[in-house]
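To start, the structure itself, in structure tokens.
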Amino acid sequence: MHLVLWVCTLATTALMLIRAELQTVYEWKYLDFLWESDEQKQNAIRTGKYNLSRVLPSDLALAKDGRIFVSHIGYIGTPVRLSIVSGDSIPTSGPLLLPYPDWSWHTNGDCNGITSVYGLAIDQCNRLWVLDTGILEYASAKACPAQLLAFDLTRNKLTKRIKIPNHIAQNNQGMTRLVKPIVETKGQQCDHTTVYMTDSVGHGLVIWNGIGLFRLEGEVYNPIDSARNVSIGDYNPSVAGGVVDMSLSPNIFPYEPRYLFFRPLASYDLYAANTRELTRSIYGYRIKYFGARDILTSQAVGQAFSSDGTLFLGLTREMAIACWNRYREMAKENIEIVSQDDKRLQYTIGVKVVPKSITKTSEELWVLTNRFVQFQLHVLNFNDINFRILKSPVKDLVEGTKCEMPAQLKAALRRTKANLTYKYPK
């Protein structure tokens with residue numbers, strides 16, 4: 001492993017603040033489901049399978065047919081780990097959620113079902129990728145093998161089930177929590193697919209290259225001790241999380257390499273690596289990581305790239321959306337806050353950029369916020385709005401900021417698709 005760093009020495013930073021209002025799409029006080037019958041629901045409550053205080057949304061994904069998928073961590077009291085936002089709602093909670101694919105997939109202890117899901121992804125071939133940790137979040141629970149599932153959303157059929165063996169899913173100490181899948185496809189028919197999976201507890205990266213699985217570890221995946229204390233409003237918990245989210249830079253210019261950008265949750269850093277080097281590392285090729293330490297003003301949770309290379313991040317202490325364009329220097333002064341809301345942007349865990357081919361209007365940023373810290377501390381007020389899905393046109397957020405692609409590159413992109421001489425990080 002080779003690491004190149006640009007260390008930011010600024011002790012403070014004056015992030016430009018633009019108060020862009022994100023539109024509320026859905027909101028919930030607590031999560032409830034479309035049950036098959038009231039008897040089924042009451043039985044789930046009686047047996048402890050459903051406890052509204054222990055159901056948390058952890059990610060979202062938008063399909064081209066308009067369905068919004070939501071994932072759920074497998075806490076005791078969580079009856080469903082993957083759902084769709086339905087058109088039905090109740091005033092005491094919010095929109096009801098429909099189990100996906102159906103109720104039969106959500107049985108505790110059934111390793112052929114779905115056990116616990118942090119992250120989701122939908123690729124260009126209309127496949128929903130679901131990363132199942134296999135671990136129910138309570139001590140006495142039986143662990144299943146971690147697995148990567150792919151559903152064809154046109155037919156609503158499971159097309160791939162990739163079991164991840166423990167020697168890949170876990171580090172040498174047996175620790176693991178596979179959190180987020182990032183999918184890279186090549187070819188119009190997704191002829192080749194690579195899936196990158198974060199291990200936030202075992203501090204590593206698991207890669208499925210379409211044929212097999214392998215694991216990477218290194219200092220860039222490790223949390224930083226000095227960044228373990230997270231400040232969100234009145235709460236200051238300690239976190240030990242490694243990488244919880246990643247994002248792929250878009251392929252905009254001819255022959256441009258793609259980079260996987262990531263950072264440990266307990267850090268203020270940002271790193272990246274060429275995806276070709278990552279996938280070839282199984283054959284002994286060297287990975288040259290690059291990045292910057294102490295570039296963020298607080299820990300960030302979710303992140304995603306827009307089509308013009310703008311990386312959006314959900315900041316914790318600021319309760320805000322920040323951004324940076326990858327065609328600018330990786331430096332604090334090039335990061336801007338473009339939306340801030342101390343109520344609606346508490347713990348922005350799910351961040352997705354949705355193309356206009358799906359929105360039918362313009363490219364949009366969609367985020368899921370879930371007040372995770374209060375949930376973990378058992379202090380959520382279920383008379384208040386706790387979970388939200390918000391959105392905004394990307395253009396409205398970045399126009400006139402440093403998060404826009406530099407003007408000379410925008411002009412070059414308009415002029416031609418020919419080879420461009422852009423100096424990529426060494």
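Residues are named by chain letter and number: chains run A, B, ... in the order of the structure tokens, numbers start at 1 in each chain, and ligands are numbered from 1 in the order shown.
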Open item on the list: I'd like the contact shell of segment 125-133 of chain A - 7 Å cut-off, only C-alpha atoms, skipping same-chain residues fewer than 6 positions apart - returned as a list of chain:residue names.
Closed with: A:Ile114, A:Thr115, A:Ser116, A:Val117, A:Gly119, A:Ala146, A:Gln147, A:Leu148, A:Leu149, A:Ala150, A:Phe151, A:Asp152, A:Leu153, A:Arg177, A:Leu178, A:Val179, A:Lys180, A:Pro181, A:Gln189, A:Cys190
Requested write-out: C-alpha atoms of the selected residues, as a PDB file, in the first residue's frame:
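Saved file part.pdb follows:
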```
ATOM      1  CA  ILE A 114     -32.606 -11.090   4.880  1.00  0.00           C
ATOM      2  CA  THR A 115     -31.091 -10.558   8.334  1.00  0.00           C
ATOM      3  CA  SER A 116     -29.808  -6.972   8.643  1.00  0.00           C
ATOM      4  CA  VAL A 117     -29.199  -4.305   6.012  1.00  0.00           C
ATOM      5  CA  GLY A 119     -26.851  -0.121   2.628  1.00  0.00           C
ATOM      6  CA  ALA A 146     -22.884 -12.164   5.242  1.00  0.00           C
ATOM      7  CA  GLN A 147     -24.353 -12.087   1.759  1.00  0.00           C
ATOM      8  CA  LEU A 148     -24.709  -9.847  -1.271  1.00  0.00           C
ATOM      9  CA  LEU A 149     -28.097 -10.084  -2.983  1.00  0.00           C
ATOM     10  CA  ALA A 150     -29.150  -8.729  -6.384  1.00  0.00           C
ATOM     11  CA  PHE A 151     -32.813  -8.381  -7.365  1.00  0.00           C
ATOM     12  CA  ASP A 152     -34.012  -7.762 -10.919  1.00  0.00           C
ATOM     13  CA  LEU A 153     -36.488  -4.946 -10.304  1.00  0.00           C
ATOM     14  CA  ARG A 177     -19.894  -5.361   9.858  1.00  0.00           C
ATOM     15  CA  LEU A 178     -20.402  -5.103   6.091  1.00  0.00           C
ATOM     16  CA  VAL A 179     -22.258  -1.851   5.666  1.00  0.00           C
ATOM     17  CA  LYS A 180     -22.437  -0.273   2.218  1.00  0.00           C
ATOM     18  CA  PRO A 181     -22.283  -1.696  -1.335  1.00  0.00           C
ATOM     19  CA  GLN A 189     -25.806  -4.520 -20.514  1.00  0.00           C
ATOM     20  CA  CYS A 190     -23.669  -4.446 -17.360  1.00  0.00           C
TER      21      CYS A 190
END
```
Open item on the list: Excluding segment 23-37 of chain A and its own-chain neighbours fewer than 6 positions away, which residues fall within 7 Å of it when counting only C-alpha atoms? Please give them as a list in words.
Closed with: Leu52, Val55, Ser93, Gly94, Leu96, Leu97, Leu98, Phe382, Asn383, Asp384, Ile385, Asn386, Phe387, Arg388, Ile389, Leu390, Lys391 and Ser392 of chain A
Task: Distance query Asn370 of chain A at most 8 Å, only C-alpha atoms, self and fewer than 4 positions along chain excluded, as a PyMOL selection string - done: chain A and resi 56-58+346-349+386-388
Write the residues you've just listed into a file as a PDB file, in the first residue's frame, and include C-alpha atoms for each of them.
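This is the output file part-v5.pdb:
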```pdb
ATOM      1  CA  LEU A  56     -34.620   2.508  12.085  1.00  0.00           C
ATOM      2  CA  PRO A  57     -34.246   3.463   8.393  1.00  0.00           C
ATOM      3  CA  SER A  58     -30.597   3.188   7.347  1.00  0.00           C
ATOM      4  CA  GLN A 346     -29.468  15.305  12.018  1.00  0.00           C
ATOM      5  CA  TYR A 347     -27.322  12.327  10.990  1.00  0.00           C
ATOM      6  CA  THR A 348     -27.549  12.233   7.191  1.00  0.00           C
ATOM      7  CA  ILE A 349     -26.865   8.541   6.729  1.00  0.00           C
ATOM      8  CA  ASN A 386     -37.522  11.575  13.609  1.00  0.00           C
ATOM      9  CA  PHE A 387     -36.910  10.208  10.115  1.00  0.00           C
ATOM     10  CA  ARG A 388     -36.982  12.092   6.831  1.00  0.00           C
TER      11      ARG A 388
END
```
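Distances here use only C-alpha atoms; by that measure, the residue among A:Pro165, A:Pro254, A:Gly309, A:Gly113 closest to Cys323 of chain A is A:Gly309.
Neighbouring residues of Thr279 of chain A at 8 Å or closer, counting only C-alpha atoms and skipping chain neighbours under 4 positions away, are Ile207, Asn209 and Thr275 of chain A.
The nearest approach to Ile252 of chain A among the residues A:Val220, A:Leu413, A:Ile287, A:Val80, with only C-alpha atoms taken into account, belongs to A:Leu413.
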- [ ] Please provide the set of residues having any atom within 8 Å of Ile182 of chain A, restricted to only C-alpha atoms, with same-chain residues fewer than 3 positions apart removed, written as a PyMOL selection string.
- [x] chain A and resi 121+195-197+246-248
- [ ] Can you check which residues of segment 62-301 of chain A DSSP gives as helix (DSSP H, G or I) on the backbone and send them as a list in words?
- [x] Trp103, Ser104, Trp105, Asn166, His167, Ile168, Ala169, Glu219, Val220, Tyr221, Asp225, Ser226, Ala227, Thr275, Arg276, Glu277, Leu278, Thr279, Arg280, Ser281, Ile282 and Tyr283 of chain A
All residues 12 Å or closer to Val398 of chain A, only C-alpha atoms, same chain fewer than 2 positions away omitted, as a compact mmCIF listing (two decimals) with C-alpha atoms, in the first residue's frame:
```
# COMPACT_ATOMS: atom_id res chain seq x y z
CA MET A 16 -19.12 29.38 2.94
CA LEU A 17 -22.66 28.86 4.15
CA ILE A 18 -25.55 28.80 1.74
CA ARG A 19 -28.93 28.07 3.23
CA ALA A 20 -30.58 26.01 0.53
CA SER A 306 -23.09 14.00 -8.86
CA ASP A 308 -20.21 16.52 -12.80
CA GLY A 309 -17.89 15.31 -10.05
CA THR A 310 -19.39 17.04 -7.02
CA LEU A 311 -19.07 14.98 -3.85
CA PHE A 312 -21.85 15.58 -1.31
CA ILE A 321 -24.74 18.99 3.59
CA ALA A 322 -21.26 19.93 2.40
CA CYS A 323 -19.72 19.46 -1.02
CA TRP A 324 -16.44 19.45 -2.92
CA ASN A 325 -15.72 19.07 -6.63
CA ILE A 335 -15.39 22.55 0.66
CA GLU A 336 -18.64 24.43 1.11
CA ILE A 337 -21.76 23.90 3.16
CA VAL A 338 -24.76 24.18 0.85
CA SER A 339 -27.60 23.26 3.21
CA GLU A 363 -30.43 15.53 -11.41
CA GLU A 364 -31.37 15.55 -7.73
CA LEU A 365 -29.72 14.96 -4.37
CA SER A 392 -33.10 19.11 -3.93
CA PRO A 393 -31.99 19.69 -7.53
CA VAL A 394 -28.20 19.41 -7.61
CA LYS A 395 -27.96 22.64 -9.60
CA ASP A 396 -29.79 24.60 -6.89
CA GLY A 400 -22.27 29.71 -7.86
CA THR A 401 -20.20 27.73 -5.34
CA LYS A 402 -16.78 26.10 -5.43
CA CYS A 403 -18.60 22.78 -5.72
CA GLU A 404 -19.25 23.45 -9.40
CA MET A 405 -16.90 21.96 -11.94
CA PRO A 406 -14.24 24.56 -12.84
```
- [ ] For Thr185 of chain A, work out the shell of residues within 8 Å, counting only C-alpha atoms and skipping chain neighbours fewer than 5 positions away, then give it as a list in words.
- [x] Asp123, Gln124, Cys190, Asp191, His192, Thr193 and Thr194 of chain A
Open item on the list: Considering only strand (DSSP E or B) as DSSP defines it on the backbone, what residues of segment 119-178 of chain A qualify? List them as a ChimeraX atom specification.
Closed with: /A:119-122,127-132,146-152,157-164,178
Those same residues - C-alpha atoms - I'd like them written as a short mmCIF file (atom, residue, chain, number, x, y, z; two decimals), in the first residue's frame.
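Once written, selection_6.cif looks like this:
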```
data_model
loop_
_atom_site.label_atom_id
_atom_site.label_comp_id
_atom_site.auth_asym_id
_atom_site.auth_seq_id
_atom_site.Cartn_x
_atom_site.Cartn_y
_atom_site.Cartn_z
CA GLY A 119 -26.85 -0.12 2.63
CA LEU A 120 -28.48 -0.40 -0.80
CA ALA A 121 -27.57 0.39 -4.40
CA ILE A 122 -29.40 0.27 -7.74
CA ARG A 127 -30.78 -4.32 -10.27
CA LEU A 128 -31.17 -3.68 -6.55
CA TRP A 129 -28.05 -4.70 -4.62
CA VAL A 130 -28.60 -5.51 -0.95
CA LEU A 131 -25.68 -6.05 1.44
CA ASP A 132 -26.84 -8.24 4.32
CA ALA A 146 -22.88 -12.16 5.24
CA GLN A 147 -24.35 -12.09 1.76
CA LEU A 148 -24.71 -9.85 -1.27
CA LEU A 149 -28.10 -10.08 -2.98
CA ALA A 150 -29.15 -8.73 -6.38
CA PHE A 151 -32.81 -8.38 -7.36
CA ASP A 152 -34.01 -7.76 -10.92
CA LYS A 157 -36.75 -11.77 -8.82
CA LEU A 158 -33.55 -12.64 -7.00
CA THR A 159 -30.84 -13.05 -9.64
CA LYS A 160 -27.69 -13.35 -7.49
CA ARG A 161 -26.93 -14.54 -3.99
CA ILE A 162 -23.25 -14.29 -3.12
CA LYS A 163 -22.40 -15.76 0.28
CA ILE A 164 -19.36 -14.06 1.78
CA LEU A 178 -20.40 -5.10 6.09
#
```
